[in-house]
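upload_31.cif follows; it contains mmCIF, C-alpha atoms and all ligand atoms.
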data_final
#
loop_
_atom_site.label_atom_id
_atom_site.label_comp_id
_atom_site.auth_asym_id
_atom_site.auth_seq_id
_atom_site.Cartn_x
_atom_site.Cartn_y
_atom_site.Cartn_z
CA MET A 1 24.33 117.80 317.59
CA LYS A 2 26.41 120.85 318.45
CA GLN A 3 23.89 123.18 316.87
CA SER A 4 20.93 121.81 318.73
CA ILE A 5 22.75 121.96 322.06
CA THR A 6 24.02 125.47 321.45
CA SER A 7 20.65 126.70 320.28
CA ARG A 8 18.98 125.20 323.31
CA ILE A 9 21.44 127.02 325.56
CA GLN A 10 20.91 130.25 323.68
CA ALA A 11 17.18 129.84 323.86
CA GLY A 12 17.48 129.34 327.61
CA GLY A 13 19.52 132.50 327.89
CA ILE A 14 17.02 134.53 325.91
CA ALA A 15 14.11 133.19 327.94
CA SER A 16 15.72 134.24 331.21
CA ALA A 17 16.57 137.64 329.74
CA VAL A 18 12.91 138.17 328.84
CA ILE A 19 11.80 137.20 332.33
CA VAL A 20 14.23 139.67 333.91
CA LEU A 21 13.02 142.43 331.60
CA LEU A 22 9.37 141.74 332.42
CA SER A 23 9.92 141.71 336.16
CA ALA A 24 11.92 144.90 335.85
CA CYS A 25 8.96 146.49 334.06
CA VAL A 26 6.51 145.42 336.72
CA SER A 27 8.47 146.57 339.74
CA GLU A 28 9.85 149.80 338.38
CA THR A 29 8.53 152.83 336.57
CA PRO A 30 9.30 152.21 332.92
CA ASP A 31 11.94 154.50 331.50
CA VAL A 32 10.50 155.32 328.10
CA GLY A 33 13.55 157.22 326.99
CA SER A 34 16.11 154.48 327.15
CA LEU A 35 15.53 150.84 327.80
CA GLU A 36 18.68 149.40 329.24
CA ALA A 37 19.88 146.03 327.98
CA VAL A 38 19.88 143.38 330.67
CA TRP A 39 22.78 141.00 330.60
CA VAL A 40 22.02 137.49 331.74
CA PRO A 41 24.82 134.97 332.08
CA ALA A 42 24.38 131.80 330.00
CA ALA A 43 23.51 128.62 331.88
CA GLU A 44 26.82 127.25 330.76
CA ARG A 45 29.72 128.23 328.60
CA THR A 46 30.57 125.89 325.76
CA GLU A 47 33.70 125.32 323.75
CA VAL A 48 33.58 123.21 320.61
CA HIS A 49 36.75 121.37 319.64
CA ALA A 50 37.60 118.99 316.82
CA LEU A 51 39.95 116.12 317.48
CA GLY A 52 43.21 116.77 315.63
CA ARG A 53 45.13 114.23 313.61
CA GLY A 54 46.64 111.72 316.02
CA GLN A 55 45.26 113.61 319.02
CA THR A 56 43.73 111.45 321.75
CA PHE A 57 40.56 112.26 323.64
CA GLY A 58 42.67 112.47 326.83
CA ALA A 59 45.05 114.95 325.23
CA LEU A 60 42.13 117.14 324.20
CA LEU A 61 40.88 117.18 327.80
CA TYR A 62 44.33 118.06 329.13
CA GLY A 63 44.17 121.18 331.29
CA ALA A 64 40.37 121.11 331.53
CA ILE A 65 40.28 118.54 334.37
CA ASP A 66 42.80 116.83 336.63
CA ALA A 67 44.10 113.30 336.11
CA ASN A 68 41.65 111.62 338.52
CA GLN A 69 38.67 113.34 336.96
CA GLN A 70 39.91 112.41 333.52
CA ALA A 71 40.21 108.72 334.45
CA SER A 72 36.64 108.78 335.81
CA LEU A 73 35.39 110.55 332.67
CA LEU A 74 37.10 108.10 330.30
CA LEU A 75 35.68 105.17 332.25
CA ALA A 76 32.16 106.58 331.86
CA PHE A 77 32.81 107.24 328.18
CA GLN A 78 33.86 103.62 327.61
CA GLU A 79 30.38 102.46 328.50
CA HIS A 80 29.31 103.68 325.05
CA ALA A 81 32.39 104.05 322.86
CA ASP A 82 36.09 103.28 322.64
CA PRO A 83 38.09 106.49 323.22
CA ARG A 84 40.99 105.07 321.17
CA ARG A 85 38.81 104.65 318.10
CA LEU A 86 37.61 108.22 317.75
CA ARG A 87 38.22 109.58 314.30
CA GLU A 88 40.04 112.75 313.38
CA ARG A 89 37.72 115.82 313.44
CA THR A 90 35.37 114.18 315.94
CA GLU A 91 33.47 117.05 317.53
CA VAL A 92 33.96 117.41 321.27
CA THR A 93 31.97 120.04 323.14
CA LEU A 94 33.21 121.09 326.57
CA ARG A 95 30.54 122.59 328.83
CA TYR A 96 31.66 124.80 331.71
CA LEU A 97 29.88 126.34 334.67
CA PRO A 98 30.14 130.06 333.99
CA GLU A 99 30.60 131.12 337.61
CA ASN A 100 33.80 129.18 338.29
CA ASN A 101 34.83 127.89 334.85
CA GLU A 102 34.61 124.34 336.11
CA LEU A 103 34.06 121.61 333.53
CA ARG A 104 30.57 120.22 334.15
CA GLY A 105 29.95 118.25 330.97
CA VAL A 106 31.38 116.93 327.71
CA ASP A 107 29.55 115.93 324.53
CA VAL A 108 31.32 113.70 322.03
CA ALA A 109 29.69 113.27 318.62
CA VAL A 110 30.84 109.69 318.10
CA SER A 111 28.95 109.39 314.81
CA LYS A 112 26.55 111.45 312.73
CA ASP A 113 23.67 109.88 314.58
CA ARG A 114 24.99 109.40 318.10
CA THR A 115 26.47 111.62 320.81
CA VAL A 116 27.94 110.45 324.11
CA ARG A 117 26.96 113.00 326.76
CA LEU A 118 29.13 113.04 329.87
CA ASP A 119 27.92 114.82 333.01
CA ARG A 120 29.58 115.38 336.31
CA ASP A 121 27.86 115.01 339.66
CA ILE A 122 29.17 114.75 343.21
CA LEU A 123 30.10 111.09 342.72
CA GLY A 124 32.06 111.59 339.53
CA TRP A 125 31.28 111.28 335.82
CA ASN A 126 28.42 109.43 334.21
CA SER A 127 27.43 109.03 330.62
CA GLN A 128 24.46 108.53 328.35
CA LEU A 129 24.09 107.86 324.68
CA ILE A 130 21.91 110.35 322.83
CA GLN A 131 20.42 109.30 319.55
CA THR A 132 20.08 112.15 317.11
CA PRO A 133 16.34 112.36 316.40
CA ILE A 134 15.45 111.71 312.76
CA PHE A 135 12.33 112.71 310.90
CA VAL A 136 11.22 111.63 307.47
CA ASP A 137 9.97 113.94 304.75
CA THR A 138 9.50 113.85 300.99
CA ILE A 139 10.93 116.38 298.60
CA TYR A 140 9.16 117.11 295.35
CA ALA A 141 11.02 118.99 292.68
CA MET A 142 11.03 119.66 289.00
CA GLY A 143 13.42 121.55 286.84
CA GLU A 144 14.57 122.28 283.36
CA VAL A 145 18.09 121.86 282.05
CA THR A 146 19.61 124.94 280.48
CA GLU A 147 23.28 123.96 280.40
CA THR A 148 24.24 121.00 282.55
CA PHE A 149 22.08 118.64 284.52
CA TRP A 150 24.34 119.19 287.52
CA GLY A 151 23.81 122.95 287.38
CA SER A 152 20.06 122.64 287.03
CA VAL A 153 19.80 120.51 290.18
CA VAL A 154 22.34 122.39 292.28
CA ASN A 155 20.76 125.75 291.36
CA ASN A 156 17.17 124.51 291.55
CA GLU A 157 15.28 127.05 293.65
CA LYS A 158 13.04 124.29 295.02
CA LEU A 159 16.08 122.62 296.55
CA THR A 160 17.75 125.58 298.20
CA SER A 161 16.74 124.30 301.64
CA LEU A 162 19.10 121.39 301.09
CA THR A 163 22.80 121.78 301.76
CA PHE A 164 25.12 121.90 298.75
CA GLU A 165 26.42 118.45 299.67
CA ASP A 166 22.89 117.05 299.91
CA ARG A 167 22.00 118.49 296.50
CA ASN A 168 25.05 116.66 295.14
CA LEU A 169 23.93 113.45 296.85
CA LEU A 170 20.57 113.91 295.14
CA ILE A 171 22.38 114.06 291.79
CA ASP A 172 24.12 110.79 292.67
CA HIS A 173 20.75 109.20 293.40
CA LEU A 174 19.31 110.37 290.07
CA ASP A 175 22.48 109.23 288.25
CA ARG A 176 22.30 105.77 289.84
CA VAL A 177 18.64 105.38 288.93
CA PHE A 178 19.09 106.51 285.31
CA GLN A 179 22.63 105.16 284.71
CA TRP A 180 21.37 102.56 282.21
CA GLN A 181 19.12 104.99 280.29
CA MET A 182 20.85 108.35 280.38
CA ASP A 183 24.41 109.55 280.34
CA PHE A 184 23.90 112.95 281.96
CA SER A 185 27.37 113.99 280.81
CA ARG A 186 26.74 113.40 277.09
CA GLN A 187 23.03 113.23 276.28
CA ILE A 188 21.62 116.35 277.86
CA ARG A 189 19.82 118.82 275.58
CA PRO A 190 18.65 122.28 276.60
CA GLY A 191 14.97 121.99 277.49
CA ASP A 192 15.36 118.52 278.99
CA ASN A 193 13.43 118.41 282.21
CA TYR A 194 12.84 116.29 285.23
CA ARG A 195 10.62 115.82 288.21
CA PHE A 196 10.98 113.51 291.15
CA ALA A 197 9.76 112.57 294.61
CA PHE A 198 12.57 111.89 297.04
CA GLU A 199 12.01 110.52 300.52
CA ARG A 200 14.69 111.34 303.04
CA GLU A 201 15.63 111.03 306.70
CA VAL A 202 16.62 114.38 308.15
CA ARG A 203 18.57 115.31 311.27
CA PRO A 204 17.64 118.30 313.46
CA ASP A 205 20.32 120.42 311.78
CA GLY A 206 18.57 119.85 308.44
CA SER A 207 21.22 117.56 306.97
CA MET A 208 20.18 114.37 305.23
CA ARG A 209 20.92 111.02 306.79
CA GLU A 210 19.63 108.81 304.04
CA GLY A 211 17.33 109.10 301.10
CA ARG A 212 15.61 107.25 298.32
CA LEU A 213 13.97 108.28 295.09
CA LEU A 214 10.38 107.05 295.14
CA ALA A 215 9.66 108.02 291.56
CA ALA A 216 11.55 110.00 288.97
CA GLU A 217 10.97 111.18 285.44
CA PHE A 218 13.58 112.52 283.06
CA VAL A 219 12.50 113.92 279.70
CA ASN A 220 15.37 113.84 277.18
CA SER A 221 14.77 115.46 273.78
CA GLY A 222 11.05 115.08 274.40
CA THR A 223 11.24 111.41 275.37
CA PRO A 224 10.31 110.60 278.98
CA TYR A 225 12.14 108.00 281.03
CA HIS A 226 10.65 106.78 284.27
CA ALA A 227 12.00 105.02 287.30
CA VAL A 228 9.64 103.93 290.06
CA TYR A 229 10.90 102.23 293.20
CA PHE A 230 9.55 98.80 294.01
CA ASP A 231 10.66 96.48 296.79
CA PRO A 232 9.02 93.07 296.21
CA ASN A 233 10.63 91.41 299.27
CA GLY A 234 10.13 94.36 301.58
CA ASP A 235 13.75 94.13 302.74
CA GLY A 236 14.69 97.68 301.71
CA ARG A 237 16.67 96.39 298.75
CA GLY A 238 14.17 97.08 296.03
CA SER A 239 14.93 98.31 292.57
CA TYR A 240 13.54 100.56 289.84
CA PHE A 241 11.10 99.83 287.07
CA ASP A 242 9.51 101.85 284.30
CA LEU A 243 5.75 102.42 284.00
CA ASP A 244 5.34 99.06 282.24
CA GLY A 245 7.04 97.17 285.05
CA GLU A 246 10.20 96.65 282.98
CA SER A 247 13.48 96.88 284.87
CA VAL A 248 15.53 100.01 284.25
CA ARG A 249 18.65 97.83 284.46
CA ARG A 250 20.57 96.88 281.34
CA ALA A 251 23.46 94.51 280.69
CA PHE A 252 25.84 97.52 280.46
CA LEU A 253 26.10 100.81 282.30
CA LEU A 254 26.30 103.68 279.82
CA LYS A 255 29.45 105.00 281.52
CA PRO A 256 32.04 103.65 283.94
CA LEU A 257 32.19 106.73 286.19
CA SER A 258 29.68 108.52 288.36
CA TYR A 259 28.19 111.50 286.50
CA ARG A 260 29.15 113.97 289.16
CA ARG A 261 32.84 113.46 288.46
CA ILE A 262 33.02 113.58 284.68
CA SER A 263 32.73 115.58 281.53
CA GLY A 264 33.28 114.06 278.10
CA ARG A 265 32.48 113.80 274.43
CA PHE A 266 32.48 111.10 271.78
CA SER A 267 33.95 111.76 268.35
CA SER A 268 34.78 109.66 265.33
CA GLY A 269 37.93 111.57 264.42
CA ARG A 270 39.69 114.48 266.08
CA ARG A 271 43.03 116.05 266.81
CA HIS A 272 44.74 113.97 269.43
CA PRO A 273 46.00 116.30 272.14
CA VAL A 274 49.26 114.40 272.60
CA LEU A 275 50.17 112.99 269.19
CA ASN A 276 48.89 116.17 267.53
CA THR A 277 47.62 114.26 264.52
CA ILE A 278 44.15 113.34 263.44
CA ARG A 279 43.51 109.72 264.16
CA ALA A 280 40.45 107.68 264.74
CA HIS A 281 39.58 108.08 268.34
CA ARG A 282 36.60 105.87 268.82
CA GLY A 283 36.68 105.69 272.55
CA ILE A 284 35.17 108.12 274.96
CA ASP A 285 37.33 110.35 277.08
CA TYR A 286 35.88 111.28 280.43
CA ALA A 287 37.81 114.05 282.12
CA ALA A 288 37.79 113.32 285.84
CA ASP A 289 40.00 113.87 288.83
CA ARG A 290 42.88 111.51 289.43
CA GLY A 291 41.74 108.76 291.79
CA THR A 292 38.07 108.79 290.72
CA PRO A 293 36.83 105.17 290.98
CA VAL A 294 36.28 103.40 287.64
CA MET A 295 33.50 100.80 287.50
CA ALA A 296 33.11 97.72 285.32
CA THR A 297 30.14 98.51 283.09
CA SER A 298 28.99 94.88 282.96
CA ASP A 299 29.62 91.45 284.44
CA GLY A 300 32.66 89.72 282.94
CA VAL A 301 36.17 88.37 283.28
CA VAL A 302 39.34 90.49 283.34
CA VAL A 303 41.39 89.56 280.26
CA HIS A 304 44.01 92.32 280.48
CA ARG A 305 45.38 94.14 283.47
CA GLY A 306 48.62 96.03 282.98
CA SER A 307 50.39 98.55 280.80
CA LYS A 308 49.30 98.73 277.14
CA GLY A 309 51.40 101.15 275.04
CA SER A 310 49.91 104.63 274.76
CA PHE A 311 46.87 103.50 276.78
CA GLY A 312 49.04 103.24 279.88
CA ASN A 313 47.57 101.19 282.71
CA THR A 314 44.64 99.40 281.13
CA VAL A 315 41.96 96.93 282.16
CA GLU A 316 40.04 94.92 279.58
CA ILE A 317 37.01 92.86 280.49
CA ARG A 318 35.41 90.15 278.36
CA HIS A 319 31.63 89.87 278.48
CA PRO A 320 29.12 87.49 276.85
CA ASN A 321 28.34 87.72 273.11
CA GLY A 322 31.81 88.86 272.04
CA TRP A 323 31.75 92.12 273.95
CA VAL A 324 34.92 93.60 275.45
CA THR A 325 35.24 96.83 277.44
CA ARG A 326 38.52 98.74 277.81
CA TYR A 327 39.46 101.22 280.54
CA ALA A 328 42.73 103.13 279.92
CA HIS A 329 45.12 105.71 281.45
CA LEU A 330 44.43 104.43 284.97
CA SER A 331 46.57 105.71 287.83
CA ARG A 332 46.32 102.32 289.51
CA PHE A 333 44.34 99.11 289.55
CA ARG A 334 42.19 97.86 292.33
CA SER A 335 44.55 95.44 294.08
CA ASP A 336 42.25 92.42 294.07
CA VAL A 337 41.39 92.78 290.38
CA THR A 338 43.87 90.64 288.43
CA LEU A 339 43.94 88.61 285.23
CA GLY A 340 41.02 86.17 285.29
CA THR A 341 39.08 87.96 288.05
CA ARG A 342 35.31 87.76 287.65
CA VAL A 343 33.80 91.18 288.10
CA HIS A 344 30.23 92.35 288.45
CA GLN A 345 28.58 95.41 287.01
CA SER A 346 29.48 98.55 289.03
CA ASP A 347 32.46 96.86 290.74
CA VAL A 348 35.38 99.28 291.06
CA ILE A 349 38.30 97.97 288.97
CA GLY A 350 40.75 100.89 289.07
CA TYR A 351 41.19 104.62 289.43
CA VAL A 352 41.40 107.51 286.95
CA GLY A 353 44.89 108.71 286.09
CA MET A 354 47.00 109.86 283.15
CA SER A 355 49.35 106.94 282.52
CA GLY A 356 50.40 106.37 278.89
CA LEU A 357 49.81 109.20 276.40
CA ALA A 358 47.56 111.64 278.19
CA THR A 359 47.75 115.38 278.76
CA GLY A 360 45.59 115.33 281.86
CA PRO A 361 43.79 112.88 284.10
CA HIS A 362 40.95 111.21 282.24
CA LEU A 363 39.43 107.82 281.54
CA HIS A 364 39.51 106.45 278.02
CA TYR A 365 36.64 103.99 277.68
CA GLU A 366 35.87 101.69 274.78
CA MET A 367 33.14 99.20 274.10
CA LEU A 368 33.89 96.64 271.40
CA GLN A 369 31.99 93.71 269.93
CA ASN A 370 34.11 91.21 268.00
CA GLY A 371 36.80 93.89 267.70
CA ARG A 372 34.44 96.59 266.37
CA GLN A 373 33.90 99.73 268.39
CA PHE A 374 30.55 101.10 269.40
CA ASP A 375 29.36 104.20 271.16
CA PRO A 376 27.65 102.77 274.27
CA LEU A 377 24.80 105.25 273.72
CA SER A 378 23.97 103.65 270.36
CA VAL A 379 23.79 100.08 271.60
CA ASP A 380 20.39 98.63 272.39
CA LEU A 381 20.78 96.19 275.26
CA PRO A 382 18.51 93.63 276.84
CA ALA A 383 16.82 94.73 280.07
CA GLY A 384 17.05 93.14 283.48
CA ASP A 385 14.22 91.08 284.92
CA PRO A 386 10.82 92.81 284.94
CA VAL A 387 8.54 92.87 287.98
CA PRO A 388 7.89 89.18 288.83
CA ALA A 389 4.47 87.95 287.74
CA ASP A 390 3.60 87.03 291.35
CA ASP A 391 4.14 90.63 292.47
CA MET A 392 2.14 92.29 289.68
CA VAL A 393 -0.88 93.21 291.79
CA ARG A 394 1.21 94.84 294.50
CA TRP A 395 3.39 96.53 291.89
CA ARG A 396 0.36 98.09 290.18
CA GLY A 397 -0.84 99.46 293.51
CA GLU A 398 2.51 100.92 294.44
CA LEU A 399 3.12 102.22 290.92
CA THR A 400 -0.15 104.14 291.06
CA GLU A 401 0.72 105.54 294.48
CA ARG A 402 4.22 106.62 293.49
CA TYR A 403 3.40 107.80 290.00
CA ASP A 404 0.64 109.92 291.53
CA LEU A 405 3.33 111.65 293.57
CA LEU A 406 5.02 112.61 290.32
CA LYS A 407 1.81 113.70 288.65
CA MET A 408 1.25 116.20 291.45
CA ILE A 409 4.33 118.02 290.25
CA PRO A 410 3.67 120.16 287.18
CA ARG A 411 5.87 119.16 284.30
CA ARG A 412 8.03 121.61 282.43
CA GLY A 413 8.72 121.63 278.74
CA PRO A 414 7.36 119.62 275.84
CA VAL A 415 6.97 115.86 275.94
CA ARG A 416 6.89 113.99 272.68
CA THR A 417 5.43 110.72 273.88
CA PHE A 418 1.88 110.72 275.12
CA VAL A 419 1.66 109.60 278.72
CA ALA A 420 -1.73 108.32 279.76
CA GLU A 421 -3.09 109.90 282.92
CA ASP A 422 -5.19 106.80 283.50
CA GLU A 423 -3.31 104.29 285.68
CA ASP A 424 -5.06 101.34 284.05
CA ALA A 425 -3.53 102.23 280.74
CA PRO A 426 0.14 102.95 281.38
CA ALA A 427 2.20 104.98 278.98
CA PRO A 428 3.36 103.36 275.74
CA GLU A 429 6.94 102.11 275.81
CA ALA A 430 9.37 104.99 275.44
CA PRO A 431 11.69 104.50 272.49
CA GLN A 432 15.23 103.53 273.45
CA PRO A 433 18.07 105.86 272.40
CA GLY A 434 19.84 104.83 269.23
CA GLY A 435 19.19 101.80 267.11
CA GLY A 436 19.95 98.13 267.51
CA VAL A 437 23.38 96.70 266.78
ZN ZN B 501 40.97 108.63 274.67
#
Output the structure of this file as structure tokens.
Ligand SMILES: [Zn+2]
Amino acid sequence: MKQSITSRIQAGGIASAVIVLLSACVSETPDVGSLEAVWVPAAERTEVHALGRGQTFGALLYGAIDANQQASLLLAFQEHADPRRLRERTEVTLRYLPENNELRGVDVAVSKDRTVRLDRDILGWNSQLIQTPIFVDTIYAMGEVTETFWGSVVNNEKLTSLTFEDRNLLIDHLDRVFQWQMDFSRQIRPGDNYRFAFEREVRPDGSMREGRLLAAEFVNSGTPYHAVYFDPNGDGRGSYFDLDGESVRRAFLLKPLSYRRISGRFSSGRRHPVLNTIRAHRGIDYAADRGTPVMATSDGVVVHRGSKGSFGNTVEIRHPNGWVTRYAHLSRFRSDVTLGTRVHQSDVIGYVGMSGLATGPHLHYEMLQNGRQFDPLSVDLPAGDPVPADDMVRWRGELTERYDLLKMIPRRGPVRTFVAEDEDAPAPEAPQPGGGV
């Protein structure tokens, strides 16, 4: 909001400067040797403040207006927002008349999408709520992975118009769509590539308000994975399906942490950093910052929640068919997750730490069936519900539309599996990673 207001003021200033220059040219003989700069005062002088910790709106205004004016201003403000509920770092712009330094207006960015604009007239202060205008656009991008997936997205030259934070949000979207098919922290190979169409709502300052992947393709070791958005109920809570209409969801997430916050590696035997001896280490260690939320990888019941020897603070969840997942070295548990709690896939159960035997903050994750350990990447799991039979016609139409968006983007790198370009004959099922258990 601040930027648009400031730029409008600047634009006004420049426009009046140009007018003055032109009229000067008309009425006077032009001095070719030296054109003097014409200084034009701005329509108003602005000061941008951020609300400090514990600072009230009234305290911020102190000195800018007298007590009566302040009471009138706060009353006008209350028509749209509660001055006592403003958050720290709320942006407050004070607008002054340049000739006498009198406060003529105040803008309070009460949320990312709304600004309360306060103006002073002869009767006192009045207010209006300004909605930040939003426009919708679609981003198309493709890229090839050289080292990390994160790096290839953040450094993607097609995405440089996005802020760094928005590029990271894009990675979160891709991670959430592919979290059952791909562990971007462990399965990436150089030459892997991707392309996607991402629809977003954008504010005037270019930042993203919300976004959604319409269609995405990730090619891992030559095998393409697809995720196409489909919303059968039209309530904005759709989900993702592959080109055959099969759900991308599986009974287990491949990893219990968001990709952006981890790095890790699976090994069958290695030197333990703390015990300094080789011992079977069949779990997966994900290095992540202390406090990173840890998610249950599947629906189940909490069967352990507490300290567990060298594992430190540990949660164990029992799932159908003899499966158990274990989450160790937590800094703390989520308070409402206790013994016997039923949890759902993606529910946060605790937070990364280094309790027990750990040299640094990380999550130790294990997936066991009847006491035997498995690498989650090698387990073939049943899929979620496919596109309902009743919705097949609409799905085919939307699939064509969205997959066409992807096909517009040239693909990089080799693809092992043949993908039919004819919509009536969708691509053959992509092989799942690893074998059955
Ligand atoms: Zn470990």
Problem set entry | Residues within 7 Å of stretch 364-377 of chain A, only C-alpha atoms, excluding chain neighbours under 4 positions, as number ranges by chain | A: 254, 282-286, 322-329, 433-434
Exercise. Counting all atoms listed in the file, which residues come within 12 Å of (21.4, 106.5, 274.4), with the point read in the file's coordinates, and could you list them as a PyMOL selection string?
Worked result: chain A and resi 178-188+220-221+223+225+250+252-255+374-381+431-436
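Between atom CA of A:Val228 and atom CA of A:Tyr140 the separation is 14.2 Å.
Going from atom CA of A:Val110 to atom CA of A:His173 covers 26.7 Å.
We find atom CA of A:Tyr229 and atom CA of A:Glu210 to be spaced 15.4 Å apart.
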Exercise. Which one of A:Met354, A:Ala50, A:Ala67, A:Leu213 sits closest to ligand ZN 501 (chain B) if you count all atoms listed in the file?
Worked result: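 Going through A:Met354, A:Ala50, A:Ala67, A:Leu213 one by one, the smallest distance to ligand ZN 501 (chain B) is for A:Met354.
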Let me know the centre plus edge lengths, in Å and rounded to one decimal, of a box with edges along x, y and z that contains all listed atoms of stretch 400-413 of chain A and is padded by 6 Å on every side, as lines of an AutoDock Vina configuration file.
center_x = 4.3
center_y = 112.9
center_z = 286.6
size_x = 20.9
size_y = 29.5
size_z = 27.7
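Among the candidates A:Phe198, A:Phe135, A:Phe311, A:Phe77, the residue lying nearest to A:His362 is A:Phe311 (atoms considered: only C-alpha atoms).
Comparing the minimum interatomic distances between ligand ZN 501 (chain B) and each of A:Ile134, A:Leu74, A:Met142, A:Ala358, counting only C-alpha atoms and all ligand atoms, we find that A:Ala358 sits nearest.
Candidate residues A:Ala64, A:Val116, A:Leu406, A:Leu75 were compared for distance to A:Leu103, and the nearest is A:Ala64, using only C-alpha atoms.
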For this session: Find the residue from A:Ile409, A:Ala287, A:Thr338, A:Leu399 that sits nearest to ligand ZN 501 (chain B); use all atoms listed in the file when measuring.
Result: A:Ala287
For this session: Select, from A:Leu86, A:Leu357, A:Leu162, A:Met408, the residue with the minimum atom-to-atom distance to A:Asp205, counting only C-alpha atoms.
Result: A:Leu162
For this session: For a cut-off of 9 Å around (21.9, 115.3, 330.9), file coordinates, pick out all residues using all atoms listed in the file and list them as a ChimeraX atom specification.
Result: /A:105,117-119,127-128
Exercise. What's the 8 Å shell around A:Glu147, counting all atoms listed in the file, without same-chain residues fewer than 5 positions away, as a list of chain:residue names?
Worked result: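 Everything that qualifies: A:Ser152, A:Arg189, A:Pro190.
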Problem set entry | Polymer residues at most 7 Å from stretch 239-247 of chain A, only C-alpha atoms, same-chain spacing of 5 or more positions, as JSON, numbers by chain | {"A": [226, 227, 228, 229, 230, 231, 383, 384, 385, 386, 387, 426, 427]}
